[in-house]
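Step one of this worksheet: look at the structure below.
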Amino acid sequence: MAGFGPSDAMSYIVNQDIVDRVGNDRAVQLSSDSGTAVNTNVLDEVRLSSEGEVNGYLAKRYAVPVDLTAHPDLDATLSGFTLDIAVYRLMLRRPPVPEDIRRAYDNAVKWLVAVSKGEVILPADTPPASATADAPTIDWGSSEQNAAMLRDL
């Protein structure tokens, strides 16, 4: 993904994911004050702040950043929510934010809050490391309870 900023093995998304979600023309419009090309500095800022927001919630329960190479089954979930937050943050540069983008952001945050409170678990085959070695053991509930919580988002 040359030309769209650094990619890190511990990142949940890359800049190109943001461009792909909003489309190249819209990415240029939202990120560049000159309007001629995607501003990778703006995308870096949006991506990193979004990943920071996600990690801020996850850190209540898990060691962050969650290693997606060790937990590939979490890739779609964490990438999807991180991307929802990143697109929202990018759209904030040129208000108003469309209602569907705002709703996706709100749902992502609601889910992340639920994870941070232990009401929802990360849907991994093997759970990621806890936030601390001394973290208490918590009964996370059944997958049916987690699915019900997600339906309520």
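FYI, nothing fancy with the structure tokens labels: chains A, B, ... in order, residues from 1 per chain, ligands from 1 as they appear.
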
If you take only C-alpha atoms and a cut-off of 9 Å, which residues of segment 30-90 of chain A touch segment 9-18 of chain A, and what are their nearest atom pairs and distances in Å to one decimal, in chain and number order, as JSON lines?
{"residue": "A:Thr40", "atom": "CA", "partner": "A:Asn15", "partner_atom": "CA", "distance": 7.6}
{"residue": "A:Leu43", "atom": "CA", "partner": "A:Asn15", "partner_atom": "CA", "distance": 5.9}
{"residue": "A:Asp44", "atom": "CA", "partner": "A:Asn15", "partner_atom": "CA", "distance": 6.7}
{"residue": "A:Val46", "atom": "CA", "partner": "A:Asn15", "partner_atom": "CA", "distance": 8.8}
{"residue": "A:Arg47", "atom": "CA", "partner": "A:Asn15", "partner_atom": "CA", "distance": 6.7}
{"residue": "A:Leu48", "atom": "CA", "partner": "A:Ser11", "partner_atom": "CA", "distance": 8.5}
{"residue": "A:Glu51", "atom": "CA", "partner": "A:Tyr12", "partner_atom": "CA", "distance": 6.9}
{"residue": "A:Val64", "atom": "CA", "partner": "A:Met10", "partner_atom": "CA", "distance": 9.0}
{"residue": "A:Pro65", "atom": "CA", "partner": "A:Met10", "partner_atom": "CA", "distance": 6.2}
{"residue": "A:Val66", "atom": "CA", "partner": "A:Met10", "partner_atom": "CA", "distance": 7.0}
{"residue": "A:Asp67", "atom": "CA", "partner": "A:Met10", "partner_atom": "CA", "distance": 5.7}
{"residue": "A:Leu68", "atom": "CA", "partner": "A:Met10", "partner_atom": "CA", "distance": 6.9}
{"residue": "A:Thr69", "atom": "CA", "partner": "A:Ala9", "partner_atom": "CA", "distance": 7.5}
{"residue": "A:Asp75", "atom": "CA", "partner": "A:Tyr12", "partner_atom": "CA", "distance": 7.1}
{"residue": "A:Leu78", "atom": "CA", "partner": "A:Tyr12", "partner_atom": "CA", "distance": 6.4}
{"residue": "A:Ser79", "atom": "CA", "partner": "A:Tyr12", "partner_atom": "CA", "distance": 4.9}
{"residue": "A:Gly80", "atom": "CA", "partner": "A:Ile13", "partner_atom": "CA", "distance": 8.5}
{"residue": "A:Thr82", "atom": "CA", "partner": "A:Tyr12", "partner_atom": "CA", "distance": 6.8}
{"residue": "A:Leu83", "atom": "CA", "partner": "A:Ile18", "partner_atom": "CA", "distance": 6.6}
{"residue": "A:Ala86", "atom": "CA", "partner": "A:Ile18", "partner_atom": "CA", "distance": 7.1}
{"residue": "A:Val87", "atom": "CA", "partner": "A:Ile18", "partner_atom": "CA", "distance": 6.5}
{"residue": "A:Leu90", "atom": "CA", "partner": "A:Ile18", "partner_atom": "CA", "distance": 8.9}

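Distance annotation: of A:Ser116, A:Asn39, A:Thr77, A:Ser32, the residue with the minimal separation from Ala59 of chain A is A:Ser116; atom set is only C-alpha atoms.
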
- [ ] Mind listing the alpha helix (DSSP H) residues of segment 54-145 of chain A, per DSSP on the backbone, as an NGL selection string?
- [x] :A and (54-58 or 75-91 or 99-116 or 143-145)

Open item on the list: Quick one: residues within 12 Å of Met91 of chain A, only C-alpha atoms, excluding same-chain residues fewer than 3 positions away - as a list in words?
Closed with: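 The residues that qualify are Ile18, Arg21, Val22, Arg26, Ala27, Val28, Gln29, Leu30, Ser31, Val42, Leu43, Val46, Asp84, Ile85, Ala86, Val87, Tyr88, Arg94, Pro95, Pro96, Val97, Pro98, Glu99, Asp100, Ile101, Arg102 and Tyr105 of chain A.
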
Restricting the output to C-alpha atoms, write the selected residues as a PDB file, in the first residue's frame.
ATOM      1  CA  ILE A  18     -10.104   4.357   4.934  1.00  0.00           C
ATOM      2  CA  ARG A  21     -14.393   2.778   2.595  1.00  0.00           C
ATOM      3  CA  VAL A  22     -15.088   6.390   1.552  1.00  0.00           C
ATOM      4  CA  ARG A  26     -14.166  11.617  -1.096  1.00  0.00           C
ATOM      5  CA  ALA A  27     -10.896  10.779   0.702  1.00  0.00           C
ATOM      6  CA  VAL A  28      -9.180  13.574  -1.227  1.00  0.00           C
ATOM      7  CA  GLN A  29     -11.998  15.973  -0.421  1.00  0.00           C
ATOM      8  CA  LEU A  30     -11.997  15.104   3.273  1.00  0.00           C
ATOM      9  CA  SER A  31      -8.246  14.906   3.850  1.00  0.00           C
ATOM     10  CA  VAL A  42      -4.328  13.500   7.825  1.00  0.00           C
ATOM     11  CA  LEU A  43      -5.088   9.814   7.232  1.00  0.00           C
ATOM     12  CA  VAL A  46      -7.197   9.776  11.806  1.00  0.00           C
ATOM     13  CA  ASP A  84     -16.070   3.068  11.595  1.00  0.00           C
ATOM     14  CA  ILE A  85     -14.351   5.378  14.081  1.00  0.00           C
ATOM     15  CA  ALA A  86     -11.723   6.491  11.552  1.00  0.00           C
ATOM     16  CA  VAL A  87     -14.316   7.368   8.904  1.00  0.00           C
ATOM     17  CA  TYR A  88     -16.300   9.335  11.487  1.00  0.00           C
ATOM     18  CA  ARG A  94     -15.997  18.571   6.685  1.00  0.00           C
ATOM     19  CA  PRO A  95     -19.279  18.648   8.654  1.00  0.00           C
ATOM     20  CA  PRO A  96     -22.019  17.731   8.755  1.00  0.00           C
ATOM     21  CA  VAL A  97     -21.316  14.067   9.389  1.00  0.00           C
ATOM     22  CA  PRO A  98     -23.856  11.860   7.577  1.00  0.00           C
ATOM     23  CA  GLU A  99     -26.279  10.107   9.924  1.00  0.00           C
ATOM     24  CA  ASP A 100     -25.204   6.589   8.878  1.00  0.00           C
ATOM     25  CA  ILE A 101     -21.567   7.433   9.669  1.00  0.00           C
ATOM     26  CA  ARG A 102     -22.532   8.914  13.049  1.00  0.00           C
ATOM     27  CA  TYR A 105     -19.467   5.434  15.191  1.00  0.00           C
TER      28      TYR A 105
END

- [ ] Quick one: pull the distance between atom CA of Asn41 of chain A and atom CA of Tyr62 of chain A, Å, one decimal.
- [x]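 Computing it gives 29.0 Å between the two atoms.
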
Task: Of the listed residues A:Ala63, A:Trp111, A:Asp25, A:Ala76, that which approaches Val38 of chain A most closely, counting only C-alpha atoms - done: A:Asp25

Task: For Tyr57 of chain A, the nearest of the candidates A:Pro123, A:Val113, A:Gly118, A:Ala131, counting only C-alpha atoms - done: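 Among the listed residues, A:Val113 lies closest to Tyr57 of chain A.
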
Open item on the list: Quick check, in Å to one decimal: how far apart do atom CA of Pro72 of chain A and atom CA of Lys110 of chain A lie?
Closed with: 22.7 Å
